[in-house]
>>> print(open('my_file-v6.txt').read())   # compact mmCIF, C-alpha atoms and all ligand atoms
# COMPACT_ATOMS: atom_id res chain seq x y z
CA MET A 1 25.42 106.81 103.20
CA ARG A 2 25.65 107.89 99.59
CA PRO A 3 24.51 105.18 97.12
CA THR A 4 27.48 103.77 95.23
CA LEU A 5 27.38 102.26 91.74
CA LEU A 6 27.42 98.82 93.36
CA HIS A 7 24.33 99.65 95.43
CA LEU A 8 22.49 100.81 92.35
CA LEU A 9 23.38 97.67 90.43
CA LEU A 10 22.20 95.49 93.31
CA LEU A 11 18.92 97.38 93.50
CA CYS A 12 18.41 96.93 89.76
CA CYS A 13 18.93 93.15 90.07
CA ILE A 14 16.47 92.88 92.95
CA LEU A 15 13.84 94.87 91.04
CA MET A 16 14.31 92.74 87.91
CA VAL A 17 13.84 89.47 89.79
CA MET A 18 10.75 90.88 91.50
CA ALA A 19 9.30 91.94 88.16
CA MET A 20 9.85 88.49 86.62
CA PRO A 21 6.47 86.76 86.30
CA LEU A 22 6.08 83.70 88.42
CA SER A 23 5.07 81.67 85.39
CA SER A 24 8.45 82.08 83.72
CA LEU A 25 10.22 80.82 86.84
CA ARG A 26 7.83 77.90 87.01
CA ALA A 27 8.32 77.13 83.33
CA GLY A 28 12.06 77.05 83.94
CA VAL A 29 11.65 74.52 86.73
CA LEU A 30 9.31 72.41 84.61
CA THR A 31 11.67 72.22 81.64
CA VAL A 32 14.37 70.82 83.87
CA ALA A 33 12.11 68.31 85.62
CA GLU A 34 10.09 67.19 82.60
CA ALA A 35 12.08 64.69 80.57
CA ASN A 36 11.02 63.90 77.02
CA PRO A 37 9.19 60.52 77.09
CA ALA A 38 10.52 59.81 73.58
CA GLU A 39 14.03 59.78 75.04
CA ALA A 40 13.22 57.00 77.51
CA LEU A 41 11.40 55.13 74.74
CA ALA A 42 14.39 55.37 72.39
CA ARG A 43 16.66 53.99 75.16
CA HIS A 44 14.58 50.81 75.56
CA PRO A 45 16.93 48.06 74.27
CA ARG A 46 14.55 46.66 71.67
CA VAL A 47 13.46 50.10 70.48
CA ALA A 48 17.12 51.11 70.22
CA LYS A 49 17.65 47.98 68.13
CA ALA A 50 14.77 48.88 65.82
CA LEU A 51 16.11 52.43 65.42
CA GLU A 52 19.56 51.06 64.53
CA ASN A 53 17.92 48.66 62.13
CA LEU A 54 16.36 51.61 60.28
CA ASP A 55 19.76 53.30 59.97
CA ARG A 56 21.26 50.10 58.59
CA SER A 57 18.35 49.41 56.22
CA LEU A 58 18.35 52.68 54.29
CA GLY A 59 19.80 51.04 51.16
CA TRP A 60 17.29 48.20 51.33
CA ILE A 61 14.42 50.64 51.85
CA THR A 62 15.48 52.65 48.78
CA GLU A 63 15.56 49.43 46.75
CA GLN A 64 11.99 48.59 47.79
CA GLN A 65 10.91 52.12 46.92
CA THR A 66 12.42 51.88 43.44
CA GLN A 67 10.93 48.46 42.72
CA LEU A 68 7.46 49.36 43.96
CA THR A 69 7.42 52.69 42.10
CA GLU A 70 8.17 50.90 38.82
CA ILE A 71 5.03 48.74 39.18
CA SER A 72 2.03 50.50 37.66
CA ALA A 73 -0.74 51.17 40.20
CA PRO A 74 -3.44 53.55 38.97
CA THR A 75 -6.40 53.88 41.35
CA PHE A 76 -8.61 50.75 40.95
CA GLN A 77 -5.66 48.86 39.41
CA GLU A 78 -3.36 48.46 42.39
CA HIS A 79 -3.30 44.68 42.23
CA ALA A 80 0.25 44.07 40.95
CA ARG A 81 1.81 46.54 43.35
CA ALA A 82 -0.24 45.11 46.22
CA ALA A 83 1.08 41.64 45.42
CA ALA A 84 4.66 42.99 45.50
CA VAL A 85 4.13 44.57 48.93
CA GLN A 86 2.59 41.34 50.17
CA LYS A 87 5.70 39.46 49.01
CA ILE A 88 8.04 41.89 50.80
CA LEU A 89 6.08 41.66 54.07
CA SER A 90 5.90 37.84 53.87
CA ALA A 91 9.65 37.63 53.28
CA ASN A 92 10.19 39.76 56.39
CA GLY A 93 8.40 37.77 59.02
CA TYR A 94 4.72 38.65 58.54
CA LYS A 95 1.64 36.61 57.87
CA THR A 96 -0.32 38.73 55.43
CA ARG A 97 -3.82 38.82 54.07
CA SER A 98 -5.78 40.96 51.65
CA ASP A 99 -9.35 42.16 51.99
CA SER A 100 -12.23 42.87 49.63
CA ALA A 101 -10.97 46.42 48.96
CA GLY A 102 -7.60 45.07 47.78
CA ASN A 103 -5.69 46.22 50.86
CA VAL A 104 -2.65 44.21 51.99
CA ILE A 105 -2.60 43.73 55.75
CA ALA A 106 0.12 42.45 58.10
CA GLU A 107 -0.54 42.14 61.82
CA ARG A 108 1.96 42.12 64.63
CA PRO A 109 -0.10 41.08 67.64
CA GLY A 110 0.41 42.99 70.85
CA SER A 111 -0.14 41.67 74.35
CA SER A 112 -3.59 43.27 74.05
CA ARG A 113 -5.33 42.02 70.93
CA LYS A 114 -8.23 44.36 71.39
CA ASP A 115 -6.35 47.64 70.89
CA VAL A 116 -4.91 48.44 67.51
CA VAL A 117 -2.52 51.04 66.08
CA LEU A 118 -2.79 51.14 62.29
CA LEU A 119 0.07 52.28 60.07
CA SER A 120 -0.98 52.58 56.47
CA ALA A 121 0.40 53.83 53.14
CA HIS A 122 -1.61 54.08 49.95
CA LEU A 123 -0.66 51.96 46.96
CA ASP A 124 -2.28 53.93 44.17
CA THR A 125 -1.01 56.74 41.96
CA VAL A 126 -2.73 59.31 39.77
CA PHE A 127 -0.87 58.05 36.68
CA PRO A 128 -2.84 56.02 34.13
CA ALA A 129 -1.73 52.56 33.01
CA GLY A 130 1.01 52.79 30.40
CA THR A 131 2.78 55.80 31.97
CA PRO A 132 6.55 55.12 31.84
CA LEU A 133 7.63 54.58 35.45
CA HIS A 134 11.36 53.92 35.15
CA VAL A 135 13.17 55.42 38.14
CA HIS A 136 16.14 57.64 37.21
CA LYS A 137 18.83 57.66 39.90
CA ASP A 138 21.51 60.23 40.52
CA GLY A 139 23.17 59.76 43.91
CA HIS A 140 20.53 60.52 46.54
CA ASN A 141 18.18 61.86 43.90
CA PHE A 142 15.49 59.83 42.23
CA SER A 143 12.86 60.79 39.73
CA ALA A 144 9.80 58.96 38.47
CA PRO A 145 6.05 59.51 38.59
CA GLY A 146 4.93 58.39 42.05
CA ILE A 147 8.45 58.05 43.48
CA ALA A 148 7.43 60.01 46.58
CA ASP A 149 3.63 59.85 46.45
CA ASN A 150 3.50 57.21 47.48
CA GLY A 151 6.77 55.37 46.83
CA ALA A 152 8.27 57.05 49.90
CA GLY A 153 5.26 56.08 52.03
CA LEU A 154 5.25 52.44 50.93
CA ALA A 155 9.03 52.16 51.40
CA ALA A 156 8.65 53.55 54.94
CA LEU A 157 5.83 51.11 55.67
CA VAL A 158 7.82 47.99 54.72
CA GLY A 159 11.01 49.38 56.31
CA LEU A 160 9.22 49.96 59.62
CA ALA A 161 7.51 46.56 59.53
CA ARG A 162 10.88 44.90 58.96
CA ALA A 163 12.62 46.86 61.74
CA VAL A 164 9.88 46.00 64.26
CA HIS A 165 10.11 42.32 63.35
CA GLU A 166 13.91 42.09 63.39
CA ALA A 167 14.19 43.92 66.71
CA LYS A 168 11.59 41.50 68.17
CA LEU A 169 9.64 44.44 69.51
CA GLN A 170 6.77 43.45 71.77
CA THR A 171 4.10 46.11 71.95
CA ARG A 172 1.06 46.34 74.21
CA MET A 173 -1.34 47.20 71.39
CA THR A 174 -1.44 45.25 68.14
CA LEU A 175 0.40 46.93 65.27
CA ILE A 176 -1.11 46.68 61.83
CA PHE A 177 0.86 47.52 58.73
CA ALA A 178 -1.41 48.01 55.72
CA ALA A 179 -0.86 49.06 52.12
CA ASN A 180 -4.22 50.46 51.10
CA THR A 181 -6.04 51.16 47.85
CA GLY A 182 -8.05 54.04 46.42
CA GLU A 183 -6.53 57.09 48.11
CA GLU A 184 -6.23 59.23 45.00
CA GLY A 185 -9.03 60.99 43.13
CA GLU A 186 -12.07 58.88 42.48
CA GLY A 187 -10.79 56.05 44.67
CA ASN A 188 -12.69 57.95 47.37
CA LEU A 189 -10.44 56.53 50.16
CA ARG A 190 -12.04 53.13 49.69
CA GLY A 191 -9.07 51.20 51.09
CA MET A 192 -8.95 53.24 54.30
CA ARG A 193 -12.75 53.07 54.61
CA LYS A 194 -12.54 49.29 54.55
CA LEU A 195 -9.67 49.19 57.09
CA VAL A 196 -11.52 51.44 59.50
CA GLU A 197 -14.68 49.38 59.08
CA SER A 198 -12.75 46.15 59.78
CA TYR A 199 -11.04 47.42 62.94
CA ARG A 200 -13.60 50.03 63.98
CA GLY A 201 -14.07 49.30 67.69
CA ARG A 202 -10.37 48.52 68.26
CA LEU A 203 -8.58 51.43 66.55
CA ARG A 204 -6.71 53.62 69.05
CA ALA A 205 -4.66 55.52 66.45
CA VAL A 206 -4.15 55.68 62.72
CA ILE A 207 -0.94 56.91 61.08
CA ALA A 208 -1.24 57.43 57.33
CA ILE A 209 2.20 57.58 55.72
CA ASP A 210 1.92 59.73 52.64
CA GLY A 211 4.72 61.28 50.60
CA ALA A 212 8.08 62.31 52.02
CA SER A 213 7.97 65.54 54.00
CA VAL A 214 8.70 65.61 57.75
CA GLU A 215 7.93 69.34 57.95
CA HIS A 216 4.23 68.89 58.54
CA VAL A 217 1.67 66.76 60.26
CA THR A 218 -1.84 66.62 58.88
CA THR A 219 -4.25 66.72 61.83
CA MET A 220 -7.21 68.31 60.11
CA GLY A 221 -9.14 66.58 57.40
CA LEU A 222 -10.34 68.85 54.62
CA GLY A 223 -13.82 67.84 53.52
CA SER A 224 -14.73 67.48 49.88
CA ARG A 225 -17.55 66.37 47.63
CA ARG A 226 -16.99 65.56 43.99
CA ILE A 227 -20.07 65.51 41.86
CA GLU A 228 -20.83 64.72 38.23
CA VAL A 229 -23.86 66.52 36.80
CA ILE A 230 -25.42 65.07 33.63
CA LEU A 231 -28.21 66.83 31.73
CA SER A 232 -30.00 65.02 28.92
CA GLY A 233 -32.68 65.89 26.38
CA PRO A 234 -34.09 64.86 23.01
CA GLY A 235 -31.39 66.47 20.81
CA GLY A 236 -32.03 67.44 17.20
CA HIS A 237 -30.93 69.40 14.12
CA SER A 238 -29.44 72.80 14.87
CA TRP A 239 -31.57 74.58 12.22
CA ALA A 240 -34.67 72.42 11.77
CA ASP A 241 -35.22 71.78 15.48
CA PHE A 242 -34.17 75.16 16.81
CA GLY A 243 -36.05 75.82 20.02
CA THR A 244 -35.70 72.26 21.33
CA PRO A 245 -34.23 72.55 24.85
CA ASN A 246 -30.45 72.25 24.69
CA PRO A 247 -28.62 70.52 27.58
CA ILE A 248 -25.42 72.53 26.98
CA HIS A 249 -27.37 75.79 27.09
CA ALA A 250 -29.20 74.68 30.23
CA LEU A 251 -25.95 73.62 31.91
CA SER A 252 -24.37 76.96 30.96
CA ARG A 253 -27.32 78.85 32.48
CA GLY A 254 -27.03 76.73 35.62
CA ILE A 255 -23.25 77.21 35.89
CA ALA A 256 -23.61 80.99 35.49
CA ARG A 257 -26.09 81.03 38.38
CA PHE A 258 -23.92 78.76 40.54
CA LEU A 259 -20.88 81.01 40.06
CA ASP A 260 -22.79 83.84 41.76
CA VAL A 261 -23.12 81.80 44.97
CA ARG A 262 -20.89 83.31 47.68
CA VAL A 263 -18.57 81.04 49.66
CA PRO A 264 -17.02 82.08 52.99
CA ASP A 265 -13.27 82.67 53.53
CA ASN A 266 -13.73 81.33 57.01
CA PRO A 267 -14.42 78.44 57.21
CA ARG A 268 -12.49 78.30 53.94
CA THR A 269 -14.74 76.88 51.24
CA THR A 270 -13.90 76.46 47.55
CA TYR A 271 -15.28 75.00 44.33
CA ASN A 272 -13.91 74.11 40.94
CA ILE A 273 -15.63 72.98 37.77
CA GLY A 274 -12.82 70.93 36.33
CA LEU A 275 -14.44 69.29 33.34
CA VAL A 276 -17.29 70.11 30.95
CA GLU A 277 -18.32 67.85 28.09
CA GLY A 278 -21.27 67.24 25.79
CA GLY A 279 -22.68 67.17 22.31
CA SER A 280 -21.43 65.49 19.17
CA SER A 281 -21.15 68.10 16.40
CA VAL A 282 -21.45 71.81 15.79
CA ASN A 283 -24.75 71.52 13.89
CA SER A 284 -26.56 69.11 16.24
CA ILE A 285 -28.55 70.05 19.30
CA PRO A 286 -26.79 67.86 21.88
CA ASP A 287 -28.66 65.14 23.72
CA HIS A 288 -26.43 65.46 26.77
CA ALA A 289 -24.07 67.75 28.67
CA LEU A 290 -21.88 66.85 31.62
CA MET A 291 -19.70 68.55 34.18
CA LYS A 292 -17.52 67.47 37.09
CA ILE A 293 -17.25 69.75 40.08
CA ASP A 294 -15.11 69.63 43.21
CA LEU A 295 -16.48 71.27 46.38
CA ARG A 296 -14.18 71.65 49.41
CA SER A 297 -14.55 73.10 52.85
CA GLU A 298 -13.25 73.11 56.39
CA SER A 299 -16.89 72.82 57.48
CA GLU A 300 -19.33 70.01 56.80
CA ALA A 301 -22.25 72.48 57.08
CA GLU A 302 -20.76 74.70 54.35
CA LEU A 303 -20.28 71.67 52.10
CA GLU A 304 -23.91 70.78 52.61
CA ARG A 305 -24.98 74.34 51.83
CA LEU A 306 -22.83 74.48 48.68
CA GLU A 307 -24.14 71.17 47.35
CA SER A 308 -27.75 72.37 47.87
CA ALA A 309 -26.88 75.57 46.01
CA LEU A 310 -25.47 73.51 43.15
CA ARG A 311 -28.64 71.43 42.86
CA ARG A 312 -30.82 74.54 43.05
CA THR A 313 -28.91 76.57 40.43
CA ILE A 314 -28.76 73.66 37.98
CA ALA A 315 -32.53 73.22 38.35
CA GLU A 316 -32.97 76.97 37.75
CA GLY A 317 -30.77 76.70 34.64
CA ILE A 318 -33.04 73.96 33.29
CA ASP A 319 -36.15 76.02 34.11
CA ALA A 320 -34.70 79.01 32.26
CA GLU A 321 -33.81 76.86 29.23
CA MET A 322 -37.28 75.30 29.19
CA ALA A 323 -38.89 78.73 29.43
CA ALA A 324 -36.83 79.94 26.49
CA SER A 325 -37.51 76.90 24.35
CA ARG A 326 -40.17 76.63 21.66
CA LEU A 327 -41.84 73.96 23.78
CA ALA A 328 -42.44 76.41 26.62
CA GLY A 329 -45.89 75.92 28.07
CA ARG A 330 -46.75 72.87 25.92
CA ALA A 331 -48.07 69.87 27.82
CA ASP A 332 -46.07 67.39 25.68
CA ALA A 333 -42.78 69.24 26.21
CA THR A 334 -40.00 66.86 27.26
CA ARG A 335 -38.25 68.42 30.18
CA LEU A 336 -34.47 68.17 30.28
CA ASP A 337 -33.38 65.60 32.80
CA ALA A 338 -30.69 66.19 35.43
CA LYS A 339 -28.72 63.49 37.24
CA PHE A 340 -26.29 64.11 40.09
CA LYS A 341 -23.72 61.39 40.63
CA SER A 342 -21.37 61.43 43.62
CA LEU A 343 -17.77 60.78 42.56
CA GLY A 344 -16.49 60.95 46.11
CA VAL A 345 -17.12 62.25 49.60
CA ARG A 346 -14.34 63.04 52.06
CA PRO A 347 -15.69 63.96 55.46
CA VAL A 348 -14.38 66.82 57.60
CA GLY A 349 -12.55 65.85 60.82
CA GLU A 350 -9.98 67.17 63.24
CA LEU A 351 -7.56 65.71 65.78
CA ALA A 352 -7.93 67.13 69.30
CA ALA A 353 -5.09 69.49 70.22
CA ASP A 354 -4.41 67.49 73.41
CA SER A 355 -4.51 64.08 71.70
CA PRO A 356 -1.85 61.65 73.02
CA LEU A 357 -1.10 60.81 69.38
CA LEU A 358 -0.14 64.42 68.64
CA GLU A 359 1.80 64.61 71.89
CA ALA A 360 3.73 61.47 70.90
CA LEU A 361 4.59 63.01 67.54
CA ARG A 362 5.71 66.25 69.21
CA ASP A 363 7.96 64.30 71.60
CA ALA A 364 9.48 62.37 68.68
CA ASP A 365 10.05 65.64 66.77
CA ARG A 366 11.78 67.18 69.79
CA LEU A 367 14.03 64.17 70.25
CA LEU A 368 14.97 64.14 66.56
CA GLY A 369 15.41 67.91 66.37
CA ASN A 370 12.65 68.13 63.78
CA GLN A 371 10.25 71.05 63.45
CA SER A 372 6.82 70.48 62.01
CA ARG A 373 3.63 72.48 61.54
CA LEU A 374 0.02 71.36 61.70
CA GLU A 375 -1.70 71.12 58.36
CA ARG A 376 -5.19 70.68 56.95
CA SER A 377 -5.38 68.40 53.98
CA SER A 378 -7.41 65.72 52.29
CA THR A 379 -5.81 62.35 53.09
CA ASP A 380 -6.60 58.84 54.28
CA ALA A 381 -6.70 60.31 57.81
CA ASN A 382 -10.04 62.00 56.96
CA ILE A 383 -11.92 58.74 57.45
CA PRO A 384 -10.83 57.91 61.02
CA LEU A 385 -10.84 61.61 62.02
CA ALA A 386 -14.45 62.03 60.92
CA LEU A 387 -15.34 59.10 63.21
CA GLY A 388 -13.47 60.58 66.17
CA ILE A 389 -10.58 58.10 65.91
CA PRO A 390 -7.20 59.81 66.52
CA ALA A 391 -5.33 59.99 63.21
CA ILE A 392 -2.56 61.87 61.47
CA ALA A 393 -0.97 61.82 58.03
CA ILE A 394 2.81 62.27 57.88
CA GLY A 395 5.59 61.78 55.35
CA GLY A 396 7.95 58.82 55.15
CA GLY A 397 11.11 60.96 55.28
CA GLY A 398 13.40 62.63 52.75
CA ARG A 399 12.41 65.51 50.49
CA ALA A 400 10.28 65.56 47.39
CA GLY A 401 8.55 67.73 44.82
CA GLY A 402 6.44 67.64 41.68
CA ALA A 403 3.80 65.34 43.17
CA HIS A 404 1.17 64.24 40.63
CA THR A 405 3.38 65.30 37.72
CA LEU A 406 5.65 63.30 35.44
CA ALA A 407 8.58 65.31 36.84
CA GLU A 408 8.10 64.04 40.42
CA TRP A 409 11.39 63.72 42.32
CA TYR A 410 12.62 62.36 45.63
CA ASP A 411 15.78 63.04 47.63
CA SER A 412 16.51 60.39 50.27
CA THR A 413 18.78 62.65 52.36
CA GLY A 414 17.55 62.53 55.96
CA ARG A 415 15.06 59.72 55.32
CA GLU A 416 15.99 58.16 58.68
CA ILE A 417 14.46 61.15 60.52
CA GLY A 418 11.08 60.44 58.94
CA LEU A 419 11.29 56.71 59.67
CA LYS A 420 12.28 57.18 63.32
CA ARG A 421 9.62 59.83 63.76
CA ILE A 422 6.92 57.39 62.67
CA LEU A 423 8.32 54.51 64.71
CA LEU A 424 8.64 56.51 67.94
CA THR A 425 5.17 58.00 67.52
CA ALA A 426 3.54 54.62 66.86
CA LEU A 427 5.39 52.93 69.75
CA ALA A 428 4.60 55.71 72.21
CA VAL A 429 0.89 55.17 71.52
CA ALA A 430 1.05 51.37 71.28
CA GLY A 431 3.18 50.97 74.43
CA ILE A 432 6.19 48.67 74.84
CA GLU A 433 6.28 45.49 76.94
CA ASP A 434 9.53 44.83 78.82
ZN ZN B 501 -0.46 60.37 48.45
>>> encode(input="my_file-v6.txt", output="structure tokens")
Amino acid sequence: MRPTLLHLLLLCCILMVMAMPLSSLRAGVLTVAEANPAEALARHPRVAKALENLDRSLGWITEQQTQLTEISAPTFQEHARAAAVQKILSANGYKTRSDSAGNVIAERPGSSRKDVVLLSAHLDTVFPAGTPLHVHKDGHNFSAPGIADNGAGLAALVGLARAVHEAKLQTRMTLIFAANTGEEGEGNLRGMRKLVESYRGRLRAVIAIDGASVEHVTTMGLGSRRIEVILSGPGGHSWADFGTPNPIHALSRGIARFLDVRVPDNPRTTYNIGLVEGGSSVNSIPDHALMKIDLRSESEAELERLESALRRTIAEGIDAEMAASRLAGRADATRLDAKFKSLGVRPVGELAADSPLLEALRDADRLLGNQSRLERSSTDANIPLALGIPAIAIGGGGRAGGAHTLAEWYDSTGREIGLKRILLTALAVAGIED
């Protein structure tokens, strides 16, 4: 029999099926069988009620965001804004307390008191007291310093707390809603440190709500060390006392040596001298010189190595200045003094790729049709991550830009995606009682 076109086509089909790897067939079967757990969660009557509540509360949430943003809250001066958050939570069904770090804490007890899921948003901003904070509105668009970082996070926190309360959600683990202090700059994550210390043995997951974006999830904590270096000496007249060791010269010699230290691309490691100060006039030998330096790395070992290099090169700079001075070799020579002051330490940490917390977030993203990428950043999540406690930092929803500038803006379009994403993630980890 001569092969017809039909025969050939049939043969082709058979060969193609045979060539198909087994795994792809299996994957096909799995996708059909494996339902998204977030879907079942969202169908639970009380969860559905909480999700609806979020949709209905968008106007209220925006109002809270505006009011909170207009209350000044520089790092270390979060008190007034903390009091406002406390008032909102109290008015919405929560017994609240504050702790020695100035955090505001509201608990919603679960059937198990011993396991805790912490949702937290930082109160503080990088803007000094006196910065005009009036929120300009134009439809869905808002602009003001701190409107997103962390106005969007705080608004999400109180919105979620309210939705959980109004829907009478009963979780297995205890939910804690906290507005925390000291996230920015020299606050050194003091609020989150205190929260983690308070709940240490009970924390099963931490969700830091920071900014707006739903396009990322921070699962890797970037480590950093911020150090102030102060050199001091006797000072003197620029002409009459020439040859007296000069702290600015010594610091310059030290900095020049430090800048020759190599840092690896992988693990990525960086440094920045962001401030140099010292002296009092052009014709005086200064009695002090100061610099602030920021060291960052994906690796704790590299951070350690870089800090040692900093201490070594500054000491070498002083040695070189002493050797060049007129006092060189004299027994009564006053050596320049160096002090190293830590302005902040953020430890390195990373969420396990197979963490149930990350899985819960992925499920929520799939259900909401949201795509997000993993990110490494320096956030409140660093503290729990460094201790091996599952933690992520995610945005409160909406879009934003210009963080840490006076031109910061926020667009509330799509905010509900961010809110539901946080709620579904937290509830998947905390568990729902029927
Ligand atoms: Zn922030």
>>> residues_near_ligand(input="my_file-v6.txt", ligand="ligand ZN 501 (chain B)", cutoff="9 Å", atoms="only C-alpha atoms and all ligand atoms", output="PDB file with C-alpha atoms, in the coordinates of the input")
ATOM      1  CA  ALA A 121       0.400  53.830  53.140  1.00  0.00           C
ATOM      2  CA  HIS A 122      -1.610  54.080  49.950  1.00  0.00           C
ATOM      3  CA  LEU A 123      -0.660  51.960  46.960  1.00  0.00           C
ATOM      4  CA  ASP A 124      -2.280  53.930  44.170  1.00  0.00           C
ATOM      5  CA  THR A 125      -1.010  56.740  41.960  1.00  0.00           C
ATOM      6  CA  GLY A 146       4.930  58.390  42.050  1.00  0.00           C
ATOM      7  CA  ALA A 148       7.430  60.010  46.580  1.00  0.00           C
ATOM      8  CA  ASP A 149       3.630  59.850  46.450  1.00  0.00           C
ATOM      9  CA  ASN A 150       3.500  57.210  47.480  1.00  0.00           C
ATOM     10  CA  GLY A 151       6.770  55.370  46.830  1.00  0.00           C
ATOM     11  CA  GLY A 153       5.260  56.080  52.030  1.00  0.00           C
ATOM     12  CA  GLU A 183      -6.530  57.090  48.110  1.00  0.00           C
ATOM     13  CA  GLU A 184      -6.230  59.230  45.000  1.00  0.00           C
ATOM     14  CA  ILE A 209       2.200  57.580  55.720  1.00  0.00           C
ATOM     15  CA  ASP A 210       1.920  59.730  52.640  1.00  0.00           C
ATOM     16  CA  GLY A 211       4.720  61.280  50.600  1.00  0.00           C
ATOM     17  CA  THR A 379      -5.810  62.350  53.090  1.00  0.00           C
ATOM     18  CA  ASP A 380      -6.600  58.840  54.280  1.00  0.00           C
ATOM     19  CA  ALA A 403       3.800  65.340  43.170  1.00  0.00           C
ATOM     20  CA  HIS A 404       1.170  64.240  40.630  1.00  0.00           C
TER      21      HIS A 404
END
>>> axis_aligned_box(input="my_file-v6.txt", around="range 292-311 of chain A", padding_each_side="6 Å", output="lines of an AutoDock Vina configuration file")
center_x = -20.9
center_y = 71.5
center_z = 47.3
size_x = 27.4
size_y = 20.1
size_z = 32.4
>>> residues_around(input="my_file-v6.txt", residues="Thr171 in chain A", least_positions_apart="3", cutoff="10 Å", atoms="all atoms listed in the file", output="PDB file with C-alpha atoms, in the coordinates of the input")
ATOM      1  CA  ARG A 108       1.960  42.120  64.630  1.00  0.00           C
ATOM      2  CA  PRO A 109      -0.100  41.080  67.640  1.00  0.00           C
ATOM      3  CA  GLY A 110       0.410  42.990  70.850  1.00  0.00           C
ATOM      4  CA  SER A 111      -0.140  41.670  74.350  1.00  0.00           C
ATOM      5  CA  SER A 112      -3.590  43.270  74.050  1.00  0.00           C
ATOM      6  CA  VAL A 164       9.880  46.000  64.260  1.00  0.00           C
ATOM      7  CA  LYS A 168      11.590  41.500  68.170  1.00  0.00           C
ATOM      8  CA  THR A 174      -1.440  45.250  68.140  1.00  0.00           C
ATOM      9  CA  LEU A 175       0.400  46.930  65.270  1.00  0.00           C
ATOM     10  CA  ALA A 426       3.540  54.620  66.860  1.00  0.00           C
ATOM     11  CA  LEU A 427       5.390  52.930  69.750  1.00  0.00           C
ATOM     12  CA  ALA A 428       4.600  55.710  72.210  1.00  0.00           C
ATOM     13  CA  VAL A 429       0.890  55.170  71.520  1.00  0.00           C
ATOM     14  CA  ALA A 430       1.050  51.370  71.280  1.00  0.00           C
ATOM     15  CA  GLY A 431       3.180  50.970  74.430  1.00  0.00           C
ATOM     16  CA  ILE A 432       6.190  48.670  74.840  1.00  0.00           C
ATOM     17  CA  GLU A 433       6.280  45.490  76.940  1.00  0.00           C
ATOM     18  CA  ASP A 434       9.530  44.830  78.820  1.00  0.00           C
TER      19      ASP A 434
END
>>> closest_residue(input="my_file-v6.txt", among="A:Val206, A:Ala333, A:Val261, A:Ala156", to="Gly418 in chain A", atoms="all atoms listed in the file")
A:Ala156
>>> residues_around(input="my_file-v6.txt", residues="Glu63 in chain A", least_positions_apart="2", cutoff="12 Å", atoms="only C-alpha atoms", output="ChimeraX atom specification")
/A:57-61,65-70,88,135,137,142,147,151-152,154-156,158-159,412
>>> closest_residue(input="my_file-v6.txt", among="A:Lys95, A:Arg335, A:His136, A:His79", to="Pro247 in chain A", atoms="all atoms listed in the file")
A:Arg335
>>> residues_around(input="my_file-v6.txt", residues="range 91-93 of chain A", least_positions_apart="6", cutoff="8 Å", atoms="all atoms listed in the file", output="list in words")
Ala161, Arg162 and His165 of chain A
>>> closest_residue(input="my_file-v6.txt", among="A:Thr219, A:Leu385, A:Leu336, A:Ser342", to="Ser372 in chain A", atoms="all atoms listed in the file")
A:Thr219
>>> atom_distance(input="my_file-v6.txt", atom1="CA of Glu78 in chain A", atom2="CA of Ile417 in chain A")
28.4 Å
>>> residues_around(input="my_file-v6.txt", residues="range 299-303 of chain A", least_positions_apart="5", cutoff="8 Å", atoms="all atoms listed in the file", output="PyMOL selection string")
chain A and resi 223-225+267-269+347-348
>>> residues_around(input="my_file-v6.txt", residues="Met192 in chain A", least_positions_apart="2", cutoff="12 Å", atoms="all atoms listed in the file", output="NGL selection string")
:A and (99-105 or 118-123 or 178-184 or 187-190 or 194-200 or 206-208 or 346 or 379-385 or 391)
>>> atom_distance(input="my_file-v6.txt", atom1="CA of Ala315 in chain A", atom2="CA of Lys339 in chain A")
10.5 Å
>>> atom_distance(input="my_file-v6.txt", atom1="CA of Leu275 in chain A", atom2="CA of Gly349 in chain A")
27.8 Å
>>> closest_residue(input="my_file-v6.txt", among="A:Lys292, A:Arg43, A:Arg193, A:Arg81", to="Ala386 in chain A", atoms="all atoms listed in the file")
A:Arg193
>>> closest_residue(input="my_file-v6.txt", among="A:His237, A:Arg312, A:Arg257, A:Arg373", to="Pro286 in chain A", atoms="only C-alpha atoms")
A:His237
>>> closest_residue(input="my_file-v6.txt", among="A:Gln77, A:Thr218, A:Thr96, A:Ser232", to="Leu361 in chain A", atoms="all atoms listed in the file")
A:Thr218
>>> decode(input="my_file-v6.txt", residues="range 97-102 of chain A", atoms="N, CA and C atoms", output="tab-separated table (two decimals), in the first residue's frame")
chain	number	residue	atom	x	y	z
A	97	ARG	N	-2.10	49.10	72.76
A	97	ARG	CA	-1.11	49.49	73.77
A	97	ARG	C	0.11	50.04	73.04
A	98	SER	N	0.98	50.72	73.77
A	98	SER	CA	2.24	51.11	73.15
A	98	SER	C	3.36	50.55	74.01
A	99	ASP	N	4.54	50.40	73.40
A	99	ASP	CA	5.65	49.82	74.15
A	99	ASP	C	6.78	50.84	74.31
A	100	SER	N	7.88	50.41	74.88
A	100	SER	CA	8.95	51.36	75.22
A	100	SER	C	9.65	51.93	73.98
A	101	ALA	N	9.46	51.30	72.81
A	101	ALA	CA	10.06	51.84	71.59
A	101	ALA	C	9.12	52.85	70.91
A	102	GLY	N	7.90	53.00	71.46
A	102	GLY	CA	6.94	53.91	70.85
A	102	GLY	C	6.05	53.25	69.81
